[in-house]
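Participant: Following this message is one structure expressed as structure tokens.
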Amino acid sequence: MTSSQQREPYPSDLSDARWALMEPTLTAWRAERQKTSLNLGGKVTDLRDVMNAILFLNRTGVPWRYLPHDFPPHTTVFGYFGAWTADGTIEKLGLHLHRMVREQVGRAAEPTACVIDAQSVKTATSVPTDTQGTDAGKKIVGRKRSIVVDTLGLLLLVMVTAASVSDNEAGIQLLSLDPPGNGRSRAWT
């Protein structure tokens, strides 16, 4: 029995159905890592508890060190999060879930079209001025969030720039972030 099954659940905890979607990817990740690591016989951390801790942090916004004691230690959770981010496991989970959603509504697994949008936002006075810009059209000093979504509204790419970066330039940069060889044709090139 995992600690998440022994404690009172948090609203951010994964349901059994959602965990069933993620478990194969994370279990395969652990098996791959164990092939190349020393087995010193230490305690094996429950991956569901780690994912629940990450979701708790994301939902509440508390610092890592403030993670409640009924989760694995914050250093352990941070280590897993760092490894999953660095090797693309988090992105792989997101892509897998996107494909499932698209297929459930009768669409192809990979999107064939996308929509790009940008929003300029004011920044706090503590933000370094070299990371800000002025969006002259909107009269905003700050940053610009540029996103790409598919036709279902599922987020594909995000980029944050100075507000002075034009929407055209940001769009070109965003589309260049989409890795080649993903099976999508590029009608814009």
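By convention here, the chains of the structure tokens are called A, B, ... in the order presented, each chain's residues are numbered starting at 1, and ligands are numbered starting at 1 in the order presented.
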List every residue of region 48-115 of chain A that has an atom at most 10 Å from any atom of region 10-15 of chain A, and for each one report the closest atom pair and its distance in Å to one decimal, counting only C-alpha atoms, with rows sorted by chain and then by increasing residue number, as a Markdown table.

Facilitator:
```
| residue | atom | partner | partner_atom | distance |
| --- | --- | --- | --- | --- |
| A:Arg48 | CA | A:Leu14 | CA | 7.9 |
| A:Asp49 | CA | A:Asp13 | CA | 8.7 |
| A:Met51 | CA | A:Leu14 | CA | 8.0 |
| A:Asn52 | CA | A:Asp13 | CA | 5.1 |
| A:Ala53 | CA | A:Asp13 | CA | 8.0 |
| A:Ile54 | CA | A:Ser12 | CA | 9.3 |
| A:Leu55 | CA | A:Ser12 | CA | 6.0 |
| A:Phe56 | CA | A:Ser12 | CA | 5.5 |
| A:Leu57 | CA | A:Ser12 | CA | 9.0 |
| A:Asn58 | CA | A:Ser12 | CA | 8.9 |
| A:Arg59 | CA | A:Ser12 | CA | 6.8 |
| A:Thr60 | CA | A:Ser12 | CA | 8.9 |
```

Participant: Using only C-alpha atoms, which residues sit within 7 Å of region 153-167 of chain A once same-chain residues fewer than 5 positions away are excluded, as a PDB file with N, CA and C atoms, in the first residue's frame?

Facilitator:
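Everything below was put into part08.pdb:
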```
ATOM      1  N   ALA A 118      -0.969  35.642 -29.170  1.00  0.00           N
ATOM      2  CA  ALA A 118      -0.028  36.274 -28.248  1.00  0.00           C
ATOM      3  C   ALA A 118      -0.772  37.231 -27.339  1.00  0.00           C
ATOM      4  N   SER A 120       0.242  40.368 -24.473  1.00  0.00           N
ATOM      5  CA  SER A 120       1.225  41.177 -23.756  1.00  0.00           C
ATOM      6  C   SER A 120       0.723  41.411 -22.341  1.00  0.00           C
ATOM      7  N   THR A 131      14.728  41.945 -19.751  1.00  0.00           N
ATOM      8  CA  THR A 131      13.814  40.889 -20.194  1.00  0.00           C
ATOM      9  C   THR A 131      12.437  41.436 -20.536  1.00  0.00           C
ATOM     10  N   GLN A 132      12.288  42.752 -20.494  1.00  0.00           N
ATOM     11  CA  GLN A 132      11.017  43.392 -20.811  1.00  0.00           C
ATOM     12  C   GLN A 132      11.130  44.130 -22.139  1.00  0.00           C
ATOM     13  N   GLY A 133      10.027  44.574 -22.625  1.00  0.00           N
ATOM     14  CA  GLY A 133       9.973  45.400 -23.821  1.00  0.00           C
ATOM     15  C   GLY A 133       8.660  46.157 -23.828  1.00  0.00           C
ATOM     16  N   THR A 134       8.492  46.997 -24.830  1.00  0.00           N
ATOM     17  CA  THR A 134       7.273  47.786 -24.933  1.00  0.00           C
ATOM     18  C   THR A 134       6.478  47.347 -26.147  1.00  0.00           C
ATOM     19  N   ASP A 135       5.248  46.919 -25.921  1.00  0.00           N
ATOM     20  CA  ASP A 135       4.324  46.632 -27.009  1.00  0.00           C
ATOM     21  C   ASP A 135       3.647  47.956 -27.331  1.00  0.00           C
ATOM     22  N   VAL A 141       4.338  47.840 -21.127  1.00  0.00           N
ATOM     23  CA  VAL A 141       5.736  47.513 -20.860  1.00  0.00           C
ATOM     24  C   VAL A 141       5.725  46.194 -20.101  1.00  0.00           C
ATOM     25  N   GLY A 142       6.370  45.181 -20.663  1.00  0.00           N
ATOM     26  CA  GLY A 142       6.351  43.882 -20.004  1.00  0.00           C
ATOM     27  C   GLY A 142       6.836  42.775 -20.903  1.00  0.00           C
ATOM     28  N   ARG A 143       6.127  41.676 -20.843  1.00  0.00           N
ATOM     29  CA  ARG A 143       6.485  40.481 -21.608  1.00  0.00           C
ATOM     30  C   ARG A 143       5.301  40.055 -22.460  1.00  0.00           C
ATOM     31  N   LYS A 144       5.605  39.164 -23.399  1.00  0.00           N
ATOM     32  CA  LYS A 144       4.570  38.650 -24.290  1.00  0.00           C
ATOM     33  C   LYS A 144       4.566  37.129 -24.198  1.00  0.00           C
ATOM     34  N   ARG A 145       3.366  36.576 -23.995  1.00  0.00           N
ATOM     35  CA  ARG A 145       3.184  35.126 -24.024  1.00  0.00           C
ATOM     36  C   ARG A 145       2.661  34.769 -25.400  1.00  0.00           C
ATOM     37  N   SER A 146       3.377  33.924 -26.094  1.00  0.00           N
ATOM     38  CA  SER A 146       2.928  33.449 -27.399  1.00  0.00           C
ATOM     39  C   SER A 146       2.664  31.958 -27.280  1.00  0.00           C
ATOM     40  N   ILE A 147       1.520  31.515 -27.788  1.00  0.00           N
ATOM     41  CA  ILE A 147       1.148  30.109 -27.667  1.00  0.00           C
ATOM     42  C   ILE A 147       0.695  29.562 -29.010  1.00  0.00           C
ATOM     43  N   VAL A 148       0.804  28.251 -29.125  1.00  0.00           N
ATOM     44  CA  VAL A 148       0.271  27.520 -30.271  1.00  0.00           C
ATOM     45  C   VAL A 148      -0.675  26.469 -29.709  1.00  0.00           C
ATOM     46  N   LEU A 174       8.217  30.324 -32.690  1.00  0.00           N
ATOM     47  CA  LEU A 174       7.423  29.223 -32.138  1.00  0.00           C
ATOM     48  C   LEU A 174       7.382  28.035 -33.088  1.00  0.00           C
TER      49      LEU A 174
END
```
